[in-house]
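> I'm passing along run11.cif; it holds mmCIF, C-alpha atoms.
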data_entry
#
loop_
_atom_site.label_atom_id
_atom_site.label_comp_id
_atom_site.auth_asym_id
_atom_site.auth_seq_id
_atom_site.Cartn_x
_atom_site.Cartn_y
_atom_site.Cartn_z
CA MET E 176 29.29 -65.42 -38.41
CA SER E 177 30.27 -66.65 -41.85
CA GLN E 178 28.00 -69.67 -42.30
CA ILE E 179 24.27 -69.12 -42.74
CA GLN E 180 22.44 -69.79 -39.50
CA LYS E 181 18.72 -69.82 -38.90
CA LEU E 182 16.75 -67.64 -36.53
CA LEU E 183 13.17 -68.59 -35.73
CA ILE E 184 11.01 -65.77 -34.37
CA ILE E 185 7.72 -66.82 -32.78
CA GLY E 186 5.47 -63.77 -32.78
CA THR E 187 2.36 -63.05 -30.74
CA VAL E 188 1.14 -61.12 -33.80
CA TRP E 189 2.53 -60.39 -37.26
CA PRO E 190 4.65 -57.20 -37.09
CA GLU E 191 2.76 -53.94 -37.70
CA PRO E 192 5.44 -51.21 -37.47
CA ASP E 193 2.96 -48.49 -38.40
CA SER E 194 0.50 -49.54 -35.67
CA SER E 195 2.68 -49.95 -32.59
CA ALA E 196 6.13 -49.42 -31.12
CA ALA E 197 6.35 -53.19 -30.61
CA GLY E 198 6.09 -53.72 -34.37
CA GLY E 199 8.89 -51.22 -34.98
CA ARG E 200 11.04 -52.86 -32.31
CA MET E 201 10.60 -56.26 -33.95
CA LEU E 202 11.81 -54.90 -37.31
CA GLN E 203 14.87 -53.43 -35.58
CA LEU E 204 15.76 -56.88 -34.20
CA ILE E 205 15.13 -58.50 -37.58
CA THR E 206 17.46 -56.02 -39.31
CA LEU E 207 20.16 -56.60 -36.69
CA PHE E 208 20.10 -60.39 -37.14
CA GLN E 209 19.96 -60.12 -40.93
CA GLN E 210 23.09 -57.97 -40.84
CA GLN E 211 24.78 -60.88 -39.06
CA GLY E 212 23.84 -63.19 -41.94
CA PHE E 213 20.94 -65.01 -40.27
CA GLU E 214 18.23 -66.57 -42.38
CA ILE E 215 14.98 -65.66 -40.62
CA VAL E 216 11.69 -67.52 -40.34
CA PHE E 217 8.85 -65.64 -38.67
CA ALA E 218 6.10 -67.88 -37.27
CA SER E 219 2.88 -66.89 -35.53
CA PRO E 220 -0.47 -68.41 -34.56
CA ALA E 221 -2.13 -65.01 -35.25
CA LEU E 222 -4.47 -64.31 -38.15
CA ASP E 223 -3.21 -62.04 -40.93
CA SER E 224 -4.02 -58.36 -40.54
CA ASP E 225 -4.52 -55.57 -43.05
CA TYR E 226 -1.56 -53.61 -41.70
CA MET E 227 1.03 -56.35 -41.20
CA VAL E 228 4.37 -55.86 -42.90
CA ASP E 229 5.01 -57.91 -46.04
CA LEU E 230 7.68 -60.25 -44.68
CA ALA E 231 8.54 -61.59 -48.15
CA THR E 232 9.86 -58.14 -49.19
CA LEU E 233 12.26 -58.37 -46.23
CA ASN E 234 13.47 -61.83 -47.34
CA ILE E 235 11.80 -63.46 -44.35
CA THR E 236 9.91 -66.74 -44.56
CA LYS E 237 6.40 -66.51 -43.10
CA LYS E 238 5.01 -69.56 -41.32
CA SER E 239 1.55 -69.90 -39.74
CA ILE E 240 1.57 -72.20 -36.72
CA VAL E 241 -1.18 -73.69 -34.57
CA LEU E 242 -1.46 -73.74 -30.78
CA ASN E 243 -1.47 -77.15 -29.07
CA CYS E 244 -0.52 -79.03 -32.21
CA SER E 245 2.39 -81.42 -32.69
CA SER E 246 2.82 -80.21 -36.28
CA PHE E 247 5.02 -77.48 -34.74
CA ASP E 248 7.38 -80.18 -33.41
CA ILE E 249 8.00 -81.52 -36.91
CA PHE E 250 8.41 -78.00 -38.32
CA VAL E 251 10.93 -76.80 -35.70
CA LYS E 252 12.93 -80.03 -35.79
CA GLU E 253 13.35 -79.80 -39.56
CA LEU E 254 14.19 -76.10 -39.40
CA ASN E 255 16.77 -76.71 -36.66
CA PRO E 256 17.31 -73.02 -35.79
CA LYS E 257 20.45 -71.78 -34.07
CA ILE E 258 18.38 -69.22 -32.15
CA VAL E 259 14.69 -69.02 -31.26
CA LEU E 260 13.32 -65.59 -30.31
CA PHE E 261 10.00 -65.53 -28.45
CA ASP E 262 7.97 -62.35 -28.87
CA ARG E 263 6.59 -61.88 -25.31
CA PHE E 264 6.30 -64.46 -22.57
CA MET E 265 2.99 -65.94 -23.81
CA MET E 266 4.75 -67.39 -26.86
CA GLU E 267 7.49 -68.89 -24.69
CA GLU E 268 4.78 -70.49 -22.55
CA GLN E 269 3.09 -72.02 -25.58
CA PHE E 270 6.10 -73.07 -27.64
CA GLY E 271 9.17 -72.94 -25.36
CA TRP E 272 8.85 -76.51 -24.14
CA ARG E 273 8.43 -77.77 -27.71
CA VAL E 274 11.59 -75.91 -28.77
CA ALA E 275 13.48 -77.27 -25.74
CA GLU E 276 12.39 -80.82 -26.56
CA ASN E 277 13.01 -80.74 -30.32
CA CYS E 278 15.94 -78.30 -30.56
CA PRO E 279 17.74 -78.58 -27.22
CA ASP E 280 20.86 -76.82 -28.56
CA ALA E 281 19.00 -73.72 -29.81
CA LEU E 282 19.60 -70.53 -27.85
CA ARG E 283 16.22 -69.40 -26.48
CA ILE E 284 15.76 -65.62 -26.25
CA LEU E 285 12.70 -63.90 -24.80
CA ASP E 286 11.92 -60.38 -26.04
CA THR E 287 9.77 -59.06 -23.20
CA GLU E 288 8.75 -55.75 -24.92
CA ASP E 289 7.72 -54.55 -21.45
CA MET E 290 6.81 -56.23 -18.16
CA HIS E 291 3.16 -57.16 -18.72
CA SER E 292 2.68 -57.89 -15.02
CA LEU E 293 3.95 -54.42 -14.07
CA ARG E 294 1.58 -52.74 -16.51
CA LEU E 295 -1.39 -54.83 -15.29
CA ALA E 296 -0.60 -54.35 -11.59
CA ARG E 297 -0.33 -50.58 -12.10
CA GLN E 298 -3.59 -50.59 -14.04
CA LYS E 299 -5.32 -52.54 -11.26
CA ALA E 300 -4.03 -50.15 -8.57
CA PHE E 301 -5.18 -47.17 -10.64
CA LYS E 302 -8.69 -48.58 -11.06
CA GLU E 303 -8.85 -49.30 -7.33
CA LYS E 304 -7.85 -45.66 -6.69
CA ARG E 305 -4.74 -46.48 -4.71
CA ILE E 306 -0.99 -46.03 -5.11
CA PHE E 307 0.82 -48.89 -6.80
CA GLU E 308 3.27 -50.74 -4.54
CA VAL E 309 5.98 -53.10 -5.80
CA GLU E 310 4.47 -55.75 -3.50
CA ASP E 311 1.37 -55.71 -5.75
CA LEU E 312 3.44 -57.56 -8.34
CA LEU E 313 4.01 -60.49 -6.02
CA LYS E 314 0.24 -61.08 -5.89
CA GLU E 315 -0.20 -61.15 -9.66
CA ASP E 316 -0.58 -64.54 -11.38
CA VAL E 317 0.73 -62.92 -14.58
CA ALA E 318 3.92 -61.99 -12.69
CA LYS E 319 4.46 -65.63 -11.70
CA ARG E 320 4.00 -66.72 -15.33
CA GLU E 321 6.22 -63.95 -16.64
CA ILE E 322 9.06 -64.60 -14.16
CA ALA E 323 8.88 -68.35 -14.86
CA SER E 324 9.23 -67.60 -18.58
CA ILE E 325 12.26 -65.37 -17.96
CA LEU E 326 13.89 -68.10 -15.85
CA ARG E 327 13.27 -70.77 -18.50
CA SER E 328 14.82 -68.61 -21.24
CA ASP E 329 18.56 -68.38 -21.82
CA LEU E 330 18.36 -64.60 -22.17
CA SER E 331 15.58 -62.03 -21.78
CA LEU E 332 15.76 -58.70 -23.60
CA MET E 333 14.65 -55.78 -21.44
CA ILE E 334 13.72 -52.43 -22.90
CA SER E 335 13.57 -50.53 -19.59
CA GLU E 336 16.31 -50.07 -16.96
CA PHE E 337 13.62 -49.68 -14.30
CA GLU E 338 12.28 -53.13 -15.15
CA MET E 339 15.82 -54.59 -15.19
CA ASP E 340 16.35 -53.32 -11.63
CA LEU E 341 12.92 -54.54 -10.55
CA LEU E 342 13.67 -58.06 -11.77
CA LYS E 343 17.07 -58.11 -10.05
CA THR E 344 15.96 -56.62 -6.71
CA THR E 345 12.35 -57.74 -6.21
CA PHE E 346 12.47 -61.08 -8.01
CA LYS E 347 16.20 -61.83 -7.48
CA ILE E 348 16.75 -62.73 -11.15
CA ASP E 349 20.40 -63.37 -11.99
CA GLU E 350 21.59 -60.48 -14.18
CA LYS E 351 23.27 -63.00 -16.52
CA LEU E 352 19.75 -63.90 -17.69
CA LEU E 353 18.87 -60.28 -18.52
CA TYR E 354 20.09 -57.95 -21.25
CA TYR E 355 19.22 -54.27 -21.62
CA LEU E 356 18.40 -53.60 -25.25
CA PRO E 357 16.25 -50.51 -25.87
CA PHE E 358 15.07 -49.24 -29.26
CA LEU E 359 17.89 -49.35 -31.83
CA LEU E 360 17.62 -46.09 -33.72
CA GLU E 361 19.53 -44.13 -36.30
CA PRO E 362 21.13 -41.07 -34.67
CA ILE E 363 19.71 -37.71 -35.67
CA SER E 364 22.22 -35.76 -37.76
CA GLU E 365 22.58 -32.00 -38.04
CA THR E 366 21.15 -32.22 -41.57
CA THR E 367 18.04 -34.07 -40.40
CA PHE E 368 17.63 -31.64 -37.51
CA HIS E 369 17.64 -28.60 -39.81
CA GLU E 370 15.12 -30.24 -42.16
CA LEU E 371 12.49 -30.52 -39.41
CA PRO E 372 9.55 -28.06 -39.54
CA SER E 373 10.21 -24.92 -37.50
CA PHE E 374 8.25 -23.67 -34.47
CA ASN E 375 6.16 -21.32 -36.62
CA GLN E 376 5.45 -24.00 -39.24
CA ARG E 377 3.78 -26.17 -36.60
CA ASN E 378 0.51 -25.80 -34.75
CA ASN E 379 -1.86 -27.66 -32.43
CA PHE E 380 -1.34 -30.46 -29.90
CA ILE E 381 -1.30 -34.16 -30.73
CA PHE E 382 -1.71 -37.50 -28.99
CA ILE E 383 -0.85 -40.70 -30.83
CA GLY E 384 -1.10 -44.33 -29.72
CA ASN E 385 -2.57 -47.74 -30.52
CA PHE E 386 -6.07 -48.00 -29.01
CA LEU E 387 -5.75 -51.73 -28.34
CA HIS E 388 -3.38 -50.60 -25.57
CA GLU E 389 -5.40 -49.73 -22.44
CA PRO E 390 -3.03 -46.98 -21.14
CA ASN E 391 -3.60 -45.05 -24.39
CA TRP E 392 -7.38 -45.20 -24.17
CA ASN E 393 -7.22 -44.09 -20.54
CA ALA E 394 -4.93 -41.15 -21.43
CA VAL E 395 -7.34 -39.99 -24.16
CA GLN E 396 -10.25 -40.07 -21.70
CA TYR E 397 -8.14 -38.08 -19.23
CA LEU E 398 -7.36 -35.51 -21.92
CA LYS E 399 -10.99 -35.21 -22.98
CA GLU E 400 -12.57 -34.98 -19.53
CA THR E 401 -9.96 -33.20 -17.42
CA ILE E 402 -7.01 -31.62 -19.20
CA TRP E 403 -8.25 -30.34 -22.56
CA PRO E 404 -11.28 -28.29 -21.33
CA GLN E 405 -8.97 -26.28 -19.01
CA LEU E 406 -6.16 -26.04 -21.54
CA ARG E 407 -8.36 -24.82 -24.39
CA LYS E 408 -9.90 -22.08 -22.26
CA GLN E 409 -6.46 -20.48 -22.15
CA LEU E 410 -5.58 -21.26 -25.78
CA PRO E 411 -8.84 -20.72 -27.71
CA GLY E 412 -8.64 -21.73 -31.35
CA VAL E 413 -5.93 -24.31 -30.72
CA GLU E 414 -6.84 -27.95 -31.47
CA LEU E 415 -5.93 -31.37 -30.09
CA HIS E 416 -5.65 -34.13 -32.70
CA ILE E 417 -5.91 -37.74 -31.49
CA TYR E 418 -4.34 -40.38 -33.73
CA GLY E 419 -4.09 -44.13 -33.22
CA ALA E 420 -4.60 -47.51 -34.82
CA TYR E 421 -7.70 -49.58 -34.06
CA PRO E 422 -10.01 -46.87 -32.61
CA SER E 423 -13.25 -48.40 -31.30
CA GLN E 424 -16.69 -46.80 -31.45
CA LYS E 425 -16.27 -45.48 -27.88
CA VAL E 426 -13.09 -43.70 -29.01
CA MET E 427 -14.76 -42.21 -32.10
CA GLN E 428 -17.62 -40.88 -29.94
CA LEU E 429 -15.19 -38.48 -28.24
CA HIS E 430 -14.79 -36.54 -31.52
CA GLN E 431 -15.93 -32.96 -30.74
CA PRO E 432 -14.77 -30.42 -33.37
CA LYS E 433 -16.63 -27.60 -31.56
CA GLU E 434 -14.36 -28.19 -28.58
CA GLY E 435 -11.25 -28.48 -30.77
CA PHE E 436 -11.00 -32.19 -29.89
CA TYR E 437 -10.50 -34.26 -33.05
CA ILE E 438 -10.38 -38.06 -33.23
CA LYS E 439 -8.40 -38.72 -36.41
CA GLY E 440 -7.96 -42.51 -36.17
CA ARG E 441 -5.03 -44.27 -37.83
CA ALA E 442 -2.33 -41.96 -39.20
CA THR E 443 -1.32 -42.74 -42.78
CA ASP E 444 2.12 -41.30 -41.97
CA ALA E 445 2.74 -40.98 -38.23
CA ASN E 446 6.00 -39.05 -38.70
CA GLU E 447 4.30 -36.45 -40.83
CA VAL E 448 1.48 -35.71 -38.37
CA VAL E 449 3.84 -35.61 -35.36
CA GLN E 450 6.31 -33.34 -37.21
CA ASN E 451 3.54 -30.89 -38.03
CA ALA E 452 2.28 -30.69 -34.44
CA ARG E 453 3.88 -28.28 -32.02
CA ILE E 454 3.57 -30.46 -28.90
CA VAL E 455 2.76 -34.07 -27.99
CA LEU E 456 0.56 -34.55 -24.91
CA ALA E 457 0.91 -37.94 -23.19
CA PRO E 458 -0.75 -37.98 -19.73
CA LEU E 459 -0.21 -41.72 -19.14
CA ARG E 460 -1.42 -42.86 -15.73
CA PHE E 461 -0.28 -46.48 -15.88
CA GLY E 462 1.89 -48.58 -18.17
CA ALA E 463 5.37 -50.04 -18.47
CA GLY E 464 8.35 -50.17 -20.80
CA ILE E 465 9.57 -47.45 -23.14
CA LYS E 466 6.89 -45.31 -24.76
CA GLY E 467 7.11 -45.43 -28.54
CA LYS E 468 5.00 -42.28 -28.92
CA LEU E 469 7.54 -40.26 -26.92
CA ILE E 470 10.51 -41.69 -28.81
CA GLU E 471 8.72 -40.82 -32.05
CA ALA E 472 8.07 -37.28 -30.76
CA MET E 473 11.79 -36.76 -30.12
CA GLN E 474 12.71 -38.16 -33.54
CA CYS E 475 10.27 -35.67 -35.08
CA GLY E 476 11.68 -32.79 -33.04
CA THR E 477 8.35 -32.40 -31.23
CA PRO E 478 8.56 -31.59 -27.50
CA SER E 479 6.22 -33.42 -25.14
CA ILE E 480 4.44 -33.08 -21.81
CA THR E 481 4.09 -36.39 -20.01
CA THR E 482 3.86 -38.05 -16.59
CA LEU E 483 6.42 -39.85 -14.42
CA ILE E 484 5.13 -43.17 -15.83
CA GLY E 485 5.43 -41.79 -19.37
CA ALA E 486 9.07 -40.73 -18.95
CA GLU E 487 10.12 -43.71 -16.81
CA SER E 488 13.54 -45.09 -17.82
CA MET E 489 13.55 -43.03 -21.00
CA HIS E 490 16.00 -40.20 -20.45
CA GLY E 491 18.45 -41.30 -17.76
CA HIS E 492 20.20 -38.22 -16.33
CA LEU E 493 19.48 -36.10 -19.41
CA PRO E 494 16.88 -33.29 -19.26
CA TRP E 495 13.47 -34.21 -20.70
CA SER E 496 12.27 -33.02 -24.09
CA GLY E 497 9.62 -30.80 -22.52
CA PHE E 498 8.06 -31.33 -19.08
CA VAL E 499 7.31 -34.29 -16.79
CA THR E 500 4.60 -33.89 -14.14
CA ASN E 501 1.69 -35.79 -12.59
CA ASP E 502 0.06 -32.59 -11.35
CA ILE E 503 -2.84 -31.40 -13.56
CA PRO E 504 -2.39 -27.61 -13.03
CA GLU E 505 1.35 -28.00 -13.69
CA PHE E 506 0.65 -30.14 -16.78
CA ILE E 507 -1.67 -27.46 -18.19
CA LYS E 508 0.68 -24.59 -17.28
CA ALA E 509 3.65 -26.37 -18.89
CA SER E 510 1.63 -27.14 -22.04
CA ILE E 511 0.69 -23.47 -22.48
CA GLN E 512 4.20 -22.22 -21.72
CA LEU E 513 5.83 -24.65 -24.15
CA TYR E 514 3.25 -23.92 -26.83
CA GLN E 515 3.89 -20.16 -26.69
CA ASP E 516 7.58 -19.81 -25.80
CA GLU E 517 9.69 -20.43 -28.91
CA LYS E 518 13.02 -20.31 -27.05
CA LEU E 519 11.84 -22.85 -24.46
CA TRP E 520 10.39 -25.02 -27.24
CA HIS E 521 13.73 -25.09 -29.12
CA LYS E 522 15.58 -26.09 -25.95
CA ALA E 523 13.10 -28.94 -25.38
CA GLN E 524 13.53 -30.05 -28.99
CA GLU E 525 17.33 -30.13 -28.60
CA ASN E 526 16.97 -32.15 -25.37
CA GLY E 527 14.95 -34.76 -27.26
CA ILE E 528 17.56 -35.11 -29.96
CA SER E 529 20.28 -35.53 -27.29
CA ILE E 530 18.22 -38.32 -25.66
CA ILE E 531 17.86 -40.16 -28.99
CA ASN E 532 21.55 -39.83 -29.88
CA GLN E 533 22.96 -40.60 -26.42
CA ARG E 534 20.57 -43.32 -25.28
CA TYR E 535 19.03 -45.02 -28.32
CA SER E 536 21.59 -44.88 -31.10
CA ARG E 537 21.92 -48.42 -32.43
CA ASP E 538 25.70 -48.05 -32.60
CA LEU E 539 25.77 -48.02 -28.79
CA PHE E 540 24.27 -51.51 -28.46
CA GLU E 541 24.56 -53.67 -31.56
CA LYS E 542 28.17 -54.89 -31.30
CA ASP E 543 27.90 -55.77 -27.62
CA PHE E 544 24.59 -57.58 -28.15
CA ILE E 545 26.00 -59.71 -30.98
CA SER E 546 29.04 -60.51 -28.79
CA LYS E 547 26.68 -61.60 -26.02
CA ILE E 548 24.76 -63.88 -28.40
CA GLN E 549 27.99 -65.42 -29.70
CA PHE E 550 29.28 -65.97 -26.16
CA LEU E 551 26.07 -67.65 -25.01
CA SER E 552 25.90 -69.84 -28.11
CA SER E 553 29.46 -71.03 -27.42
CA ASN E 554 28.91 -71.55 -23.67
CA LEU E 555 25.29 -72.66 -23.59
CA THR E 556 25.78 -75.80 -21.50
CA LYS E 557 27.56 -73.95 -18.69
CA HIS E 558 25.12 -71.04 -18.88
CA ARG E 559 22.22 -73.43 -18.34
CA LEU E 560 23.98 -75.28 -15.53
CA ASP E 561 24.42 -71.93 -13.76
CA ASN E 562 20.66 -71.34 -14.13
CA PHE E 563 19.46 -74.31 -12.06
CA LEU E 564 16.09 -72.72 -11.27
CA GLY E 565 15.45 -72.27 -14.98
CA THR E 566 16.36 -75.91 -15.67
CA LEU E 567 14.06 -77.01 -12.85
CA LEU E 568 11.18 -74.94 -14.24
CA GLN E 569 11.86 -76.18 -17.75
CA HIS E 570 11.68 -79.78 -16.52
CA HIS E 571 8.34 -79.35 -14.74
CA THR E 572 6.86 -77.12 -17.43
CA LEU E 573 7.84 -79.57 -20.14
CA ASN E 574 6.08 -82.36 -18.30
CA SER E 575 2.94 -80.51 -17.17
CA THR E 576 2.42 -78.33 -20.26
CA LYS E 577 3.32 -81.18 -22.58
CA TYR E 578 0.58 -83.45 -21.27
CA MET E 579 -2.00 -80.68 -21.08
CA SER E 580 -1.21 -79.70 -24.67
CA ARG E 581 -1.33 -83.31 -25.84
CA TRP E 582 -4.73 -83.68 -24.11
CA ILE E 583 -6.09 -80.54 -25.85
CA GLU E 584 -4.73 -81.78 -29.18
CA ALA E 585 -6.36 -85.18 -28.72
CA LYS E 586 -9.64 -83.56 -27.68
CA ASN E 587 -9.60 -81.30 -30.73
CA SER E 588 -8.89 -84.19 -33.09
CA LYS E 589 -11.92 -86.07 -31.72
CA LYS E 590 -14.15 -83.09 -32.55
CA GLU E 591 -12.98 -83.25 -36.16
#
Take the structure in the file and write it out as structure tokens.

Amino acid sequence: MSQIQKLLIIGTVWPEPDSSAAGGRMLQLITLFQQQGFEIVFASPALDSDYMVDLATLNITKKSIVLNCSSFDIFVKELNPKIVLFDRFMMEEQFGWRVAENCPDALRILDTEDMHSLRLARQKAFKEKRIFEVEDLLKEDVAKREIASILRSDLSLMISEFEMDLLKTTFKIDEKLLYYLPFLLEPISETTFHELPSFNQRNNFIFIGNFLHEPNWNAVQYLKETIWPQLRKQLPGVELHIYGAYPSQKVMQLHQPKEGFYIKGRATDANEVVQNARIVLAPLRFGAGIKGKLIEAMQCGTPSITTLIGAESMHGHLPWSGFVTNDIPEFIKASIQLYQDEKLWHKAQENGISIINQRYSRDLFEKDFISKIQFLSSNLTKHRLDNFLGTLLQHHTLNSTKYMSRWIEAKNSKKE
């Protein structure tokens, strides 16, 4: 792509790579498009945050936008982007119809991050103390909104193979509308591997995760109430350190040094604290997508114990970097065994590095993804004709959402 083309990213929030895996994923996509010579504008209706990345240092134009305001129409028409990337389906809902109306030739890509409806349906089933069934998704209003957004978009980026299959089998989404693009990581070299802290240089267990994310808060409660008391009885003197951005007061109240349970809050350097821990514990009981904390653990050479939900779609046919179990006694037994057995620990560490290099190396995906983007850009008319349902939804959404948005805008202007 020789000539400079514009990419508009519409973000739910400003990227915070040190706070969440989603923030890191967004920077990976930004880097990929910049390498193709795209000029990038990042727009969001969110307020600035203390931990957002400084977009100017990345040569990205920052643009604050307003919901239900026609000023966006003028902005996007003047910008005239070649591609518009929506960060999660809520942004496509809010701004997709405006992009379609003002920049009909722009390729519209939805970055799903994970299936929100899957995460919410699993959470609901968990709270109702029952087993999640795929049919639960069909009852979720969020699922209807999310699927509609996927159909309206020219391409949706999926981070999980499980979710790709779910969309194709349960919701009958045409695979031409979906693209599997997991985290795009640098492979771990022999040099990097040998620079990692050794088994004897590490101690204690660690959990790390953004506390605005409900599955993380639930996992910490599970650790505190059920797993850690039994685990510490068998490993007295060993500690569990809990790290994560945005800890609320209810999280901080779990801090119990006498029990070896430490709430540390936001990590200044997540890599450093994970590299110095011997094992990551991640007893996730609901959720979706790829778990950034477990990817980070593998990158740091830190084995992990997690659940079936935690490891879902992450390792393919490769052995896990530690143990995967939903059974509490097994979880505790595996944690103790891995903590004490250096040989087993090294094998788990090597498994994690194999997973990163064989499943997440950016070299495996970048060329094919760029080819896909180029193909769609050149064949956009036919691609949309083949997606009649999407065109139908776009037509009705444009009409219904357009008039609702115009009504809200008019109402707001009267208040002023």
> Would you work out the distance separating atom CA of Gln210 of chain E from atom CA of Glu541 of chain E, expressed in Å to one decimal?
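These atoms are spaced 10.3 Å apart.
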> Please identify all polymer residues within 7 Å of Pro220 of chain E, counting all atoms listed in the file, omitting same-chain residues fewer than 2 positions from it, and present them as a short mmCIF file (atom, residue, chain, number, x, y, z; two decimals) with C-alpha atoms, keeping the file's coordinate frame.

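Printed below is selection36.cif as written:
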data_model
loop_
_atom_site.label_atom_id
_atom_site.label_comp_id
_atom_site.auth_asym_id
_atom_site.auth_seq_id
_atom_site.Cartn_x
_atom_site.Cartn_y
_atom_site.Cartn_z
CA LEU E 222 -4.47 -64.31 -38.15
CA SER E 239 1.55 -69.90 -39.74
CA ILE E 240 1.57 -72.20 -36.72
CA VAL E 241 -1.18 -73.69 -34.57
CA LEU E 242 -1.46 -73.74 -30.78
#
> Using 5 Å of padding on each side, determine the axis-aligned box around all atoms of segment 404-408 of chain E present in the file and give its centre and edge lengths in Å to one decimal, as lines of an AutoDock Vina configuration file.

center_x = -8.7
center_y = -25.2
center_z = -21.7
size_x = 15.1
size_y = 16.2
size_z = 15.4
> So, with all atoms listed in the file as the atoms that count, which of E:Met201, E:Met427, E:Leu342, E:Ile334 lies closest to Ser488 of chain E?
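The shortest atom-to-atom distance to Ser488 of chain E comes from E:Ile334.
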> So that I can check the surroundings of Ala394 of chain E, please list as number ranges by chain every protein, DNA and RNA residue that reaches within 6 Å of it, counting only C-alpha atoms and ignoring chain neighbours fewer than 2 positions away.
E: 391-392, 396-397, 458-459
> Go ahead and compute the interatomic distance for atom CA of Ile381 of chain E and atom CA of Met290 of chain E, in Å to one decimal.
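One can read the atom CA of Ile381 of chain E to atom CA of Met290 of chain E distance as 26.7 Å.
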> Expand the PyMOL selection byres ((chain E and resi 468) around 8) into the explicit residue set it covers here, and present it as a PyMOL selection string.
chain E and resi 196+383-384+466-467+469-472
> If we count all atoms listed in the file and set the cut-off at 12 Å, which residues sit around Ala221 of chain E, ignoring sequence neighbours fewer than 6 positions away in its own chain? Please answer as a ChimeraX atom specification.
/E:185-190,227,237-242,266
> What would the file look like if the residues just selected were written as a PDB file, in the coordinates of the input with C-alpha atoms?

ATOM      1  CA  ILE E 185       7.720 -66.820 -32.780  1.00  0.00           C
ATOM      2  CA  GLY E 186       5.470 -63.770 -32.780  1.00  0.00           C
ATOM      3  CA  THR E 187       2.360 -63.050 -30.740  1.00  0.00           C
ATOM      4  CA  VAL E 188       1.140 -61.120 -33.800  1.00  0.00           C
ATOM      5  CA  TRP E 189       2.530 -60.390 -37.260  1.00  0.00           C
ATOM      6  CA  PRO E 190       4.650 -57.200 -37.090  1.00  0.00           C
ATOM      7  CA  MET E 227       1.030 -56.350 -41.200  1.00  0.00           C
ATOM      8  CA  LYS E 237       6.400 -66.510 -43.100  1.00  0.00           C
ATOM      9  CA  LYS E 238       5.010 -69.560 -41.320  1.00  0.00           C
ATOM     10  CA  SER E 239       1.550 -69.900 -39.740  1.00  0.00           C
ATOM     11  CA  ILE E 240       1.570 -72.200 -36.720  1.00  0.00           C
ATOM     12  CA  VAL E 241      -1.180 -73.690 -34.570  1.00  0.00           C
ATOM     13  CA  LEU E 242      -1.460 -73.740 -30.780  1.00  0.00           C
ATOM     14  CA  MET E 266       4.750 -67.390 -26.860  1.00  0.00           C
TER      15      MET E 266
END
> Could you tell me, as a PyMOL selection string, exactly which residues end up selected when the PyMOL selection byres ((chain E and resi 510) around 9) is applied to this structure?
chain E and resi 406+454+456+479-480+497-498+505-509+511-515
> Name all residues at most 10 Å from segment 552-556 of chain E (count only C-alpha atoms; drop same-chain ones fewer than 2 positions away) and give them as an MDAnalysis selection string.
chainID E and resid 257:258 280:283 329 546:550 558:561
> From the options E:Asn562, E:Asn385, E:Ser246, E:Asn451, which residue's atoms come nearest to Lys351 of chain E, counting only C-alpha atoms?
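Of the candidates, the smallest distance to Lys351 of chain E is held by E:Asn562.
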> Taking into account all atoms listed in the file, which residue in the set E:Arg377, E:His490, E:Arg294, E:Lys302 is nearest to Glu336 of chain E?
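For Glu336 of chain E, the nearest of the candidates is E:His490.
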> Please write as a PDB file with C-alpha atoms, in the frame of the given file the full residue list that the PyMOL selection byres ((chain E and resi 292) around 7) yields on this file.

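result-v3.pdb written:
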ATOM      1  CA  MET E 290       6.810 -56.230 -18.160  1.00  0.00           C
ATOM      2  CA  HIS E 291       3.160 -57.160 -18.720  1.00  0.00           C
ATOM      3  CA  LEU E 293       3.950 -54.420 -14.070  1.00  0.00           C
ATOM      4  CA  ARG E 294       1.580 -52.740 -16.510  1.00  0.00           C
ATOM      5  CA  LEU E 295      -1.390 -54.830 -15.290  1.00  0.00           C
ATOM      6  CA  ALA E 296      -0.600 -54.350 -11.590  1.00  0.00           C
ATOM      7  CA  LEU E 312       3.440 -57.560  -8.340  1.00  0.00           C
ATOM      8  CA  GLU E 315      -0.200 -61.150  -9.660  1.00  0.00           C
ATOM      9  CA  VAL E 317       0.730 -62.920 -14.580  1.00  0.00           C
ATOM     10  CA  ALA E 318       3.920 -61.990 -12.690  1.00  0.00           C
TER      11      ALA E 318
END
> Quick one, how far is atom CA of Ser536 of chain E from atom CA of His369 of chain E?
18.9 Å
> Skip Gln203 of chain E itself and residues of its chain fewer than 6 positions away, then list as an mmCIF file with C-alpha atoms, in the coordinates of the input all residues within 10 Å of it, counting all atoms listed in the file.

data_model
loop_
_atom_site.group_PDB
_atom_site.id
_atom_site.type_symbol
_atom_site.label_atom_id
_atom_site.label_comp_id
_atom_site.auth_asym_id
_atom_site.auth_seq_id
_atom_site.Cartn_x
_atom_site.Cartn_y
_atom_site.Cartn_z
ATOM 1 C CA PRO E 192 5.440 -51.210 -37.470
ATOM 2 C CA ALA E 197 6.350 -53.190 -30.610
ATOM 3 C CA GLN E 209 19.960 -60.120 -40.930
ATOM 4 C CA PHE E 358 15.070 -49.240 -29.260
ATOM 5 C CA LEU E 359 17.890 -49.350 -31.830
ATOM 6 C CA LEU E 360 17.620 -46.090 -33.720
ATOM 7 C CA ARG E 537 21.920 -48.420 -32.430
#
